Structure formats: structure tokens, C-alpha cells
$ cat data_37.cif   # mmCIF, C-alpha atoms and all ligand atoms
data_input
loop_
_atom_site.label_atom_id
_atom_site.label_comp_id
_atom_site.auth_asym_id
_atom_site.auth_seq_id
_atom_site.Cartn_x
_atom_site.Cartn_y
_atom_site.Cartn_z
CA MET A 211 -33.14 -0.52 -43.04
CA THR A 212 -32.92 3.24 -42.97
CA ARG A 213 -29.53 4.81 -43.33
CA LEU A 214 -28.70 7.49 -40.79
CA SER A 215 -27.31 10.80 -41.94
CA ALA A 216 -23.66 11.45 -40.97
CA PRO A 217 -24.47 14.12 -38.31
CA ARG A 218 -27.08 11.81 -36.75
CA ARG A 219 -24.63 8.89 -36.67
CA SER A 220 -22.04 11.07 -35.01
CA ARG A 221 -24.62 12.27 -32.42
CA LEU A 222 -25.51 8.65 -31.65
CA TRP A 223 -21.85 7.76 -31.20
CA THR A 224 -21.29 10.73 -28.91
CA GLY A 225 -24.36 9.67 -26.91
CA ALA A 226 -23.06 6.10 -26.56
CA VAL A 227 -19.63 7.28 -25.42
CA VAL A 228 -21.14 9.71 -22.88
CA LEU A 229 -23.38 6.91 -21.55
CA ALA A 230 -20.43 4.50 -21.21
CA LEU A 231 -18.36 7.11 -19.38
CA ALA A 232 -21.26 7.92 -17.05
CA ALA A 233 -21.67 4.20 -16.24
CA LEU A 234 -17.94 3.90 -15.53
CA ALA A 235 -17.99 7.00 -13.30
CA ALA A 236 -21.02 5.62 -11.44
CA TRP A 237 -19.29 2.27 -10.88
CA ILE A 238 -16.21 4.00 -9.50
CA ASN A 239 -17.99 6.60 -7.39
CA LEU A 240 -21.50 5.59 -6.30
CA PRO A 241 -21.82 3.11 -3.45
CA LEU A 242 -25.28 1.93 -4.44
CA VAL A 243 -24.42 1.15 -8.05
CA SER A 244 -21.17 -0.58 -7.25
CA ARG A 245 -22.85 -2.57 -4.48
CA VAL A 246 -25.29 -3.94 -7.03
CA PHE A 247 -22.44 -4.96 -9.32
CA ASP A 248 -19.98 -6.00 -6.67
CA ARG A 249 -20.94 -9.50 -5.65
CA SER A 250 -17.84 -9.79 -3.52
CA SER A 251 -19.49 -7.89 -0.63
CA ALA A 252 -21.24 -11.13 0.22
CA ARG A 253 -17.95 -12.99 -0.09
CA VAL A 254 -16.29 -10.63 2.39
CA ALA A 255 -19.08 -11.22 4.91
CA ALA A 256 -18.41 -14.96 4.69
CA LEU A 257 -14.61 -14.71 5.15
CA PRO A 258 -13.12 -16.12 8.35
CA ALA A 259 -11.84 -13.65 10.94
CA ALA A 260 -8.07 -13.13 11.00
CA THR A 261 -6.14 -14.74 13.85
CA PRO A 262 -6.22 -12.15 16.66
CA PHE A 263 -2.99 -10.56 17.90
CA ARG A 264 -1.74 -11.57 21.35
CA ALA A 265 -0.06 -9.80 24.26
CA GLY A 266 3.73 -9.84 24.03
CA GLN A 267 3.81 -10.46 20.25
CA ARG A 268 6.17 -8.38 18.17
CA VAL A 269 4.59 -7.24 14.92
CA LEU A 270 6.64 -5.69 12.11
CA MET A 271 4.93 -3.74 9.32
CA LEU A 272 6.96 -3.59 6.07
CA SER A 273 5.75 -0.57 4.13
CA PRO A 274 7.08 0.24 0.63
CA HIS A 275 6.07 3.92 0.87
CA PRO A 276 4.83 6.28 3.57
CA ASP A 277 1.01 5.72 3.65
CA ASP A 278 0.84 1.99 2.73
CA GLU A 279 0.96 0.95 6.40
CA THR A 280 -2.05 3.14 7.10
CA LEU A 281 -4.07 2.30 3.98
CA CYS A 282 -3.83 -1.47 4.38
CA CYS A 283 -3.41 -1.95 8.06
CA ALA A 284 -4.21 1.01 10.36
CA GLY A 285 -7.02 -1.01 11.97
CA MET A 286 -4.91 -4.09 12.67
CA ILE A 287 -2.02 -1.97 13.94
CA GLN A 288 -4.41 -0.49 16.53
CA GLN A 289 -5.86 -3.90 17.40
CA ALA A 290 -2.41 -5.45 17.84
CA GLN A 291 -1.45 -2.74 20.31
CA ALA A 292 -4.78 -2.93 22.13
CA ALA A 293 -4.10 -6.67 22.58
CA GLY A 294 -0.71 -5.89 24.15
CA ALA A 295 1.47 -6.59 21.10
CA GLN A 296 4.35 -4.30 20.16
CA VAL A 297 4.18 -2.83 16.64
CA SER A 298 7.16 -1.55 14.63
CA ILE A 299 7.03 0.02 11.16
CA ALA A 300 9.79 0.02 8.52
CA TRP A 301 9.38 2.18 5.40
CA MET A 302 11.55 1.16 2.45
CA THR A 303 11.31 4.50 0.62
CA ALA A 304 10.46 8.09 1.47
CA GLY A 305 7.98 8.30 -1.41
CA ASP A 306 10.14 10.81 -3.27
CA GLY A 307 9.29 9.75 -6.84
CA PHE A 308 5.85 11.31 -7.29
CA GLU A 309 6.58 14.30 -9.56
CA PHE A 310 3.04 15.68 -9.67
CA ASP A 311 3.01 15.65 -5.88
CA ALA A 312 6.27 17.63 -5.71
CA ALA A 313 4.91 20.09 -8.28
CA LEU A 314 1.94 20.76 -6.01
CA THR A 315 3.58 20.76 -2.60
CA GLU A 316 6.69 22.61 -3.77
CA ARG A 317 4.56 24.96 -5.91
CA THR A 318 6.60 24.60 -9.07
CA LEU A 319 5.68 23.46 -12.58
CA ARG A 320 8.94 21.59 -13.17
CA PRO A 321 10.12 20.00 -9.90
CA GLY A 322 13.89 19.49 -9.91
CA PRO A 323 16.00 17.11 -7.80
CA GLN A 324 15.95 19.52 -4.83
CA ASN A 325 12.13 19.72 -4.92
CA MET A 326 11.90 15.92 -5.08
CA ARG A 327 14.23 15.55 -2.09
CA ALA A 328 12.21 18.14 -0.18
CA LEU A 329 9.10 16.06 -0.92
CA GLY A 330 10.94 13.00 0.47
CA ASP A 331 11.66 14.80 3.74
CA THR A 332 8.08 16.10 3.96
CA ARG A 333 6.69 12.60 3.50
CA VAL A 334 9.03 11.22 6.17
CA GLY A 335 7.50 13.76 8.58
CA GLU A 336 3.98 12.72 7.55
CA ALA A 337 4.84 9.04 8.08
CA ARG A 338 6.03 9.74 11.64
CA ARG A 339 2.85 11.73 12.38
CA ALA A 340 0.62 8.94 11.00
CA ALA A 341 2.51 6.36 13.08
CA ALA A 342 2.03 8.52 16.19
CA VAL A 343 -1.71 8.80 15.47
CA LEU A 344 -1.81 4.98 15.37
CA GLY A 345 0.09 4.81 18.67
CA VAL A 346 3.44 3.59 17.29
CA PRO A 347 6.23 5.53 19.02
CA ALA A 348 9.05 7.08 16.96
CA GLN A 349 11.67 4.72 18.45
CA ARG A 350 9.87 1.77 16.86
CA THR A 351 9.81 3.30 13.36
CA TYR A 352 12.55 2.77 10.78
CA MET A 353 12.93 4.94 7.70
CA LEU A 354 15.23 3.12 5.28
CA GLY A 355 15.04 5.84 2.59
CA TYR A 356 15.72 3.86 -0.63
CA PRO A 357 14.45 5.27 -3.95
CA ASP A 358 10.70 5.41 -4.58
CA GLY A 359 10.06 3.49 -7.82
CA GLY A 360 13.55 1.95 -7.70
CA LEU A 361 13.22 -1.24 -5.64
CA PHE A 362 13.00 -3.54 -8.69
CA ARG A 363 16.22 -1.99 -10.09
CA LEU A 364 17.96 -2.53 -6.76
CA PHE A 365 17.18 -6.24 -6.82
CA THR A 366 18.00 -6.75 -10.51
CA THR A 367 20.58 -4.52 -12.22
CA ASN A 368 21.70 -2.62 -9.12
CA PHE A 369 22.28 -5.22 -6.44
CA THR A 370 25.91 -4.13 -6.01
CA VAL A 371 26.25 -1.10 -8.35
CA PRO A 372 24.54 2.02 -6.91
CA TYR A 373 21.40 3.18 -8.72
CA THR A 374 20.89 6.86 -9.44
CA ALA A 375 17.22 7.74 -8.93
CA PRO A 376 16.13 9.75 -11.99
CA ARG A 377 14.03 12.31 -10.09
CA THR A 378 16.10 13.07 -6.98
CA ARG A 379 19.45 12.41 -8.75
CA ALA A 380 20.45 10.73 -5.46
CA ASP A 381 22.46 7.49 -5.43
CA ALA A 382 22.56 7.11 -1.65
CA VAL A 383 20.18 7.51 1.30
CA TYR A 384 19.69 11.24 2.00
CA VAL A 385 16.47 11.60 4.04
CA THR A 386 16.71 13.01 7.54
CA GLY A 387 16.63 10.41 10.30
CA ALA A 388 17.29 7.41 8.01
CA LEU A 389 18.42 4.10 9.54
CA THR A 390 21.73 4.12 7.63
CA PRO A 391 22.50 7.64 6.33
CA ASP A 392 24.49 7.68 3.06
CA ALA A 393 23.93 3.94 2.42
CA PRO A 394 24.32 3.37 -1.35
CA PHE A 395 21.18 2.70 -3.41
CA THR A 396 21.94 -1.02 -3.91
CA GLY A 397 19.95 -4.16 -3.24
CA GLN A 398 22.76 -5.33 -1.01
CA ALA A 399 22.51 -2.25 1.24
CA LEU A 400 18.70 -2.47 1.45
CA GLU A 401 18.94 -6.15 2.32
CA ALA A 402 21.50 -5.35 5.06
CA ASP A 403 19.20 -2.64 6.49
CA LEU A 404 16.19 -4.98 6.46
CA THR A 405 18.24 -7.66 8.19
CA ARG A 406 19.21 -5.10 10.86
CA VAL A 407 15.53 -4.28 11.40
CA LEU A 408 14.60 -7.98 11.62
CA ASP A 409 17.45 -8.63 14.08
CA ARG A 410 16.40 -5.69 16.23
CA VAL A 411 12.63 -6.30 16.22
CA GLN A 412 12.70 -10.15 16.20
CA PRO A 413 9.14 -10.16 14.84
CA ASP A 414 6.62 -12.91 15.51
CA VAL A 415 4.38 -11.52 12.74
CA VAL A 416 5.49 -9.62 9.63
CA LEU A 417 2.91 -7.67 7.59
CA ALA A 418 4.15 -7.48 3.97
CA PRO A 419 2.69 -6.67 0.54
CA ALA A 420 1.31 -9.65 -1.40
CA PRO A 421 3.12 -10.66 -4.62
CA GLN A 422 -0.07 -9.82 -6.55
CA ASP A 423 0.06 -6.11 -5.59
CA PHE A 424 0.22 -4.21 -8.88
CA HIS A 425 2.82 -1.59 -7.82
CA THR A 426 6.37 -2.68 -8.71
CA ASP A 427 7.87 -1.47 -5.40
CA HIS A 428 5.17 -3.45 -3.58
CA HIS A 429 5.62 -6.82 -5.29
CA THR A 430 9.41 -6.44 -5.24
CA LEU A 431 9.26 -5.94 -1.45
CA SER A 432 7.05 -9.04 -1.25
CA TYR A 433 9.76 -11.16 -2.91
CA ILE A 434 12.51 -9.68 -0.68
CA ALA A 435 10.49 -10.28 2.49
CA LEU A 436 9.78 -13.87 1.47
CA GLN A 437 13.44 -14.48 0.69
CA LEU A 438 14.76 -12.96 3.93
CA MET A 439 12.17 -14.64 6.15
CA SER A 440 12.70 -17.99 4.37
CA ARG A 441 16.44 -17.79 5.06
CA ARG A 442 15.56 -17.38 8.75
CA HIS A 443 13.13 -20.33 8.44
CA GLN A 444 10.35 -17.95 9.45
CA ALA A 445 8.37 -17.50 6.21
CA ASP A 446 5.28 -18.74 8.10
CA ARG A 447 5.38 -15.52 10.16
CA LEU A 448 4.50 -13.44 7.06
CA ARG A 449 0.98 -12.11 6.51
CA TYR A 450 0.06 -10.39 3.25
CA TRP A 451 -1.95 -7.30 2.29
CA VAL A 452 -2.72 -5.43 -0.97
CA VAL A 453 -3.03 -1.69 -1.68
CA HIS A 454 -2.90 -1.64 -5.50
CA GLY A 455 -5.46 -4.36 -6.21
CA GLY A 456 -6.43 -3.62 -9.84
CA LEU A 457 -9.56 -2.41 -11.67
CA GLU A 458 -9.93 0.85 -9.69
CA TRP A 459 -10.11 -1.15 -6.44
CA PRO A 460 -11.28 -0.24 -3.89
CA VAL A 461 -14.60 0.93 -5.33
CA PRO A 462 -16.50 3.07 -4.66
CA LYS A 463 -13.95 5.82 -4.19
CA GLY A 464 -14.30 8.27 -1.33
CA LEU A 465 -15.19 7.84 2.32
CA HIS A 466 -17.72 5.02 2.88
CA GLU A 467 -16.86 3.75 6.37
CA ALA A 468 -19.79 1.39 6.69
CA LEU A 469 -19.12 -0.48 3.43
CA PRO A 470 -16.94 -3.61 3.42
CA LEU A 471 -13.50 -3.56 1.82
CA THR A 472 -13.97 -6.10 -0.93
CA VAL A 473 -11.42 -8.63 -2.18
CA PRO A 474 -8.89 -7.02 -4.59
CA PRO A 475 -9.45 -8.38 -8.15
CA LEU A 476 -5.74 -9.03 -8.76
CA ALA A 477 -5.46 -11.20 -5.65
CA ASN A 478 -8.92 -12.70 -5.88
CA ARG A 479 -7.86 -16.26 -5.07
CA LEU A 480 -5.77 -15.65 -1.95
CA PRO A 481 -7.15 -17.22 1.25
CA TRP A 482 -8.25 -13.86 2.69
CA THR A 483 -9.21 -13.33 6.29
CA ARG A 484 -11.15 -10.35 7.63
CA VAL A 485 -10.27 -7.82 10.32
CA ASP A 486 -13.37 -5.87 11.42
CA LEU A 487 -12.80 -2.29 12.63
CA THR A 488 -14.75 -0.56 15.37
CA PRO A 489 -16.05 2.98 14.64
CA GLU A 490 -13.25 4.34 16.89
CA GLN A 491 -10.60 2.41 14.95
CA ARG A 492 -12.02 3.71 11.66
CA GLY A 493 -11.97 7.26 13.02
CA ARG A 494 -8.33 6.93 13.99
CA LYS A 495 -7.50 5.37 10.61
CA LEU A 496 -9.06 8.36 8.87
CA GLU A 497 -7.00 10.69 11.05
CA ALA A 498 -3.82 8.80 10.10
CA VAL A 499 -4.79 8.89 6.39
CA ARG A 500 -5.24 12.66 6.67
CA ALA A 501 -1.77 13.02 8.21
CA TYR A 502 -0.56 12.34 4.66
CA ARG A 503 -1.45 15.79 3.42
CA THR A 504 0.79 15.62 0.34
CA GLN A 505 -1.21 12.56 -0.77
CA THR A 506 -4.72 13.51 0.30
CA GLU A 507 -4.42 16.84 -1.53
CA ILE A 508 -3.94 14.90 -4.77
CA GLU A 509 -5.98 11.71 -4.43
CA PRO A 510 -8.26 12.05 -1.39
CA ARG A 511 -10.94 9.75 -2.81
CA PHE A 512 -8.46 6.89 -3.37
CA MET A 513 -6.89 7.33 0.09
CA GLU A 514 -10.19 7.60 1.98
CA ALA A 515 -11.66 4.58 0.15
CA PHE A 516 -9.46 2.39 2.38
CA VAL A 517 -11.30 3.51 5.52
CA ARG A 518 -13.89 0.74 5.52
CA ALA A 519 -15.69 -1.62 7.88
CA ASN A 520 -12.87 -4.16 7.53
CA GLU A 521 -9.31 -4.76 6.38
CA LEU A 522 -8.01 -7.90 4.66
CA LEU A 523 -5.03 -10.12 5.41
CA SER A 524 -3.87 -13.35 3.76
CA PRO A 525 -1.77 -15.92 5.65
CA GLU A 526 -0.42 -17.17 2.28
CA PRO A 527 1.30 -15.38 -0.62
CA LEU A 528 -0.29 -17.60 -3.30
CA PRO A 529 -3.62 -19.36 -3.77
CA THR A 530 -3.64 -22.52 -1.68
CA ALA A 531 -6.00 -24.83 -3.57
CA GLY A 532 -7.54 -25.45 -6.94
CA PRO A 533 -6.16 -26.37 -10.35
CA ALA A 534 -4.47 -22.97 -10.88
CA ALA A 535 -2.70 -22.92 -7.51
CA ASP A 536 0.70 -23.32 -9.16
CA ALA A 537 0.15 -20.56 -11.68
CA PRO A 538 2.36 -17.45 -11.42
CA PRO A 539 0.93 -14.41 -9.57
CA GLU A 540 -2.44 -13.41 -11.02
ZN ZN B 1 2.97 2.20 -1.91
#
$ encode --input "data_37.cif" --output "C-alpha cells"
Amino acid sequence: MTRLSAPRRSRLWTGAVVLALAALAAWINLPLVSRVFDRSSARVAALPAATPFRAGQRVLMLSPHPDDETLCCAGMIQQAQAAGAQVSIAWMTAGDGFEFDAALTERTLRPGPQNMRALGDTRVGEARRAAAVLGVPAQRTYMLGYPDGGLFRLFTTNFTVPYTAPRTRADAVYVTGALTPDAPFTGQALEADLTRVLDRVQPDVVLAPAPQDFHTDHHTLSYIALQLMSRRHQADRLRYWVVHGGLEWPVPKGLHEALPLTVPPLANRLPWTRVDLTPEQRGRKLEAVRAYRTQTEIEPRFMEAFVRANELLSPEPLPTAGPAADAPPE
């Protein structure tokens, strides 16, 4: 065995690290490479089609932040309306917790509470534009305006005591055009607002995040939706989607309209169904994605990666069969 000199060893190490990084970048970014490694493309092709929407149905989309409704479901929102169903959208937050975003859009290195609130109002405007692109009129949209990144607090420590959002310094709903202006940032107030929306819309189908979605606001909203719909004995009207699915999903990043949207690794065992999009529906989805300028300026390749040949919807929140069916969320 020959011993390598120290500089040679260090060059070899550097080479190995560079190679590993290049492989990772290829997996994330190149369609061909990730298609070779991503066996779930075949699985998506074999998934059953989602139950089609019907004329006269009322469909309610529950979106944690402005953009989630478009990323997960822009295709099905269009299909529901084309079938004669009526779609409403309720956003829980204005997306006012993304500091880097405020720094960029407000052109300041240290965004303060005023900059964060301005970002909230900007994102509310983007949400309305995206909804209009998808054909959902303003009178069927509901901006609840609770704190971005704060939903878990609201349903744990702050169910009755108002929460002060660290970035906006707000402890009550402030965004323009909110459903209940000045409502305190409590779980109780959010629950009351959601109940108002459910009473007004009387939905036959509710599109909600799955409990496996990695983002805390998303899985918290999943629990709330399940609880509220169960109390109404309507939990079977819920359908589940994922936006933060783990392991850089969806790969490859960027716009690859013809590729399938594969099953998110974190919710791998849900009984997924497939919604296939026509080229026109994909085009309109891309237009709605691009209405979120504050987001596409920062992470265009993540946002556009959701414009795919299909979308995914699960009729159940947990895996339905197999030995691990009773295990907690994956
Ligand atoms: Zn979100």
C-alpha cells in the first residue's frame, strides 16, 4: 500500500466533495438524471384518476399562504370551474414572515415591522391576481390574515392569549381587505373565521394540506381542517395535497411541463390520485405562479417545478392499508 502525500490526499478529498456536489446538483436540476433515479414516475402513471368535479359542487380551497393554492391545485381549480363547480379560496396568512423576501421587495438590508407588513399587503394583492387568473372572482376569496409562521402557536400556547408575530410586531389582523379586520392573533379567532367561511361557502369538497406536509403552518392547518370538518360530520369531504414534500421535492427544479409530478417522499404512502392537466391548464397555472412576483423573484425554480403534467390529491389524510397504517405522520 502506498501512502499518499498530504497535498495529494487533500486534492483527492476536494475532488470527491466536488463530485458529490455535482451529482446532487444534477439530481436536483437535470430532468434526465432525476428521471433515471426517480422510479416514482412509473408509479404516477399507474395512479387512479381523481374523482372528477361536478356541476353545482361547491369547492373550498384552504391555503396556508398566498401561492399554495396555485402550486398544488391550479389545474384542479380550473377543472372544477370548467365542470360547473363553484370554487372559493381562503388564505390563512398573508405570507408576511419571509424576511429575505421583504429585504428584496422593500429594498432594505434589515426589514423592520413596517417592511414586513408592506410585504403582507403586497402578497395579498398577488393572491387576488393569481385567483383572478384561475377564474376565481374576488367575492369568493377570503383573506384571513393570521401570522405567517404562527399557526402552530395559535393552536397551542395562543389559543386565547393573542400572539405577537416577531417580524411584523402585529398581534391582530392588519392586512387590507381581511375577513375580520383587527381580529386578535388567537386560535379561537382563526377558528371562528374559518367557521364563518365554512358556513358561508357550505363546501361539498374541501382541499386542505396533508398532515405530512413539512411546513408547520401547513400541517397545523391540516389538523384544524380535520377537527372543524369532523365536528360538522363532514371529514369525508376533505381532500389532501402537499407542497413541502421533503428531499428537494419536486425534482427536477425549474419548468418541465411535460414531466409528471411525482409522489412527495414525506407522504409516500398516501392513497394518491392523479389529476392530468391539459397544455392550456398548465399555461394558465404558470401565469398564476408568475403573479406571485415576490416569490418567483426569489425561488423561481421551486415555484415553476409545480407546473407539471399532473397534480396529486389524496382522499385520505393517512395511509389506508399495510402494517404501518397506524403509525404517526411519516
Ligand atoms: Zn405555504
$ residues_around --input "data_37.cif" --residues "Thr386 (chain A)" --least-positions-apart "4" --cutoff "9 Å" --atoms "only C-alpha atoms" --output "list in words"
Asp331, Val334, Met353, Gly355 and Pro391 of chain A
$ closest_residue --input "data_37.cif" --among "A:Met302, A:Leu522, A:Val343, A:Ala380" --to "ligand ZN 1 (chain B)" --atoms "all atoms listed in the file"
A:Met302
$ closest_atom_pairs --input "data_37.cif" --of "chain A" --to "ligand ZN 1 (chain B)" --cutoff "7 Å" --atoms "all atoms listed in the file" --output "tab-separated table"
residue	atom	partner	partner_atom	distance
A:Pro274	CA	B:ZN1	ZN	5.2
A:His275	CA	B:ZN1	ZN	4.5
A:Asp277	CA	B:ZN1	ZN	6.9
A:Asp278	CA	B:ZN1	ZN	5.1
A:His428	CA	B:ZN1	ZN	6.3
$ residues_around --input "data_37.cif" --residues "Met286 (chain A)" --least-positions-apart "2" --cutoff "9 Å" --atoms "only C-alpha atoms" --output "number ranges by chain"
A: 263, 282-284, 288-291, 485-487, 491, 521
$ closest_residue --input "data_37.cif" --among "A:Thr367, A:Leu448, A:Asp409, A:Leu476" --to "His425 (chain A)" --atoms "all atoms listed in the file"
A:Leu476
$ residues_around --input "data_37.cif" --residues "Thr332 (chain A)" --least-positions-apart "2" --cutoff "10 Å" --atoms "only C-alpha atoms" --output "mmCIF file with C-alpha atoms, in the frame of the given file"
data_model
loop_
_atom_site.group_PDB
_atom_site.id
_atom_site.type_symbol
_atom_site.label_atom_id
_atom_site.label_comp_id
_atom_site.auth_asym_id
_atom_site.auth_seq_id
_atom_site.Cartn_x
_atom_site.Cartn_y
_atom_site.Cartn_z
ATOM 1 C CA ALA A 304 10.460 8.090 1.470
ATOM 2 C CA GLY A 305 7.980 8.300 -1.410
ATOM 3 C CA ASP A 306 10.140 10.810 -3.270
ATOM 4 C CA ALA A 312 6.270 17.630 -5.710
ATOM 5 C CA THR A 315 3.580 20.760 -2.600
ATOM 6 C CA MET A 326 11.900 15.920 -5.080
ATOM 7 C CA ARG A 327 14.230 15.550 -2.090
ATOM 8 C CA ALA A 328 12.210 18.140 -0.180
ATOM 9 C CA LEU A 329 9.100 16.060 -0.920
ATOM 10 C CA GLY A 330 10.940 13.000 0.470
ATOM 11 C CA VAL A 334 9.030 11.220 6.170
ATOM 12 C CA GLY A 335 7.500 13.760 8.580
ATOM 13 C CA GLU A 336 3.980 12.720 7.550
ATOM 14 C CA ALA A 337 4.840 9.040 8.080
ATOM 15 C CA VAL A 385 16.470 11.600 4.040
ATOM 16 C CA THR A 386 16.710 13.010 7.540
ATOM 17 C CA TYR A 502 -0.560 12.340 4.660
ATOM 18 C CA ARG A 503 -1.450 15.790 3.420
ATOM 19 C CA THR A 504 0.790 15.620 0.340
#
$ closest_residue --input "data_37.cif" --among "A:Leu231, A:Pro262, A:Arg350, A:Asp427" --to "Gly307 (chain A)" --atoms "all atoms listed in the file"
A:Asp427
$ closest_residue --input "data_37.cif" --among "A:Gly493, A:Gly285, A:Pro421, A:Gly294" --to "Gln267 (chain A)" --atoms "all atoms listed in the file"
A:Gly294
$ residues_around --input "data_37.cif" --residues "Thr374 (chain A)" --least-positions-apart "5" --cutoff "10 Å" --atoms "all atoms listed in the file" --output "PDB file with C-alpha atoms, in the coordinates of the input"
ATOM      1  CA  PRO A 357      14.450   5.270  -3.950  1.00  0.00           C
ATOM      2  CA  GLY A 360      13.550   1.950  -7.700  1.00  0.00           C
ATOM      3  CA  ASN A 368      21.700  -2.620  -9.120  1.00  0.00           C
ATOM      4  CA  ARG A 379      19.450  12.410  -8.750  1.00  0.00           C
ATOM      5  CA  ALA A 380      20.450  10.730  -5.460  1.00  0.00           C
ATOM      6  CA  ASP A 381      22.460   7.490  -5.430  1.00  0.00           C
ATOM      7  CA  ALA A 382      22.560   7.110  -1.650  1.00  0.00           C
ATOM      8  CA  PRO A 394      24.320   3.370  -1.350  1.00  0.00           C
ATOM      9  CA  PHE A 395      21.180   2.700  -3.410  1.00  0.00           C
ATOM     10  CA  THR A 396      21.940  -1.020  -3.910  1.00  0.00           C
TER      11      THR A 396
END
$ closest_residue --input "data_37.cif" --among "A:Val297, A:Ala235, A:Pro321, A:Arg268" --to "Lys463 (chain A)" --atoms "all atoms listed in the file"
A:Ala235
$ residues_around --input "data_37.cif" --residues "Leu436 (chain A)" --least-positions-apart "4" --cutoff "7 Å" --atoms "all atoms listed in the file" --output "list in words"
Ser432, Ser440 and Ala445 of chain A
$ closest_residue --input "data_37.cif" --among "A:Leu469, A:Val228, A:Leu272, A:Leu344" --to "Arg449 (chain A)" --atoms "only C-alpha atoms"
A:Leu272
$ atom_distance --input "data_37.cif" --atom1 "CA of Ile287 (chain A)" --atom2 "CA of His429 (chain A)"
21.3 Å
$ atom_distance --input "data_37.cif" --atom1 "CA of Val411 (chain A)" --atom2 "CA of Leu354 (chain A)"
14.7 Å
$ atom_distance --input "data_37.cif" --atom1 "CA of Ala260 (chain A)" --atom2 "CA of Arg447 (chain A)"
13.7 Å
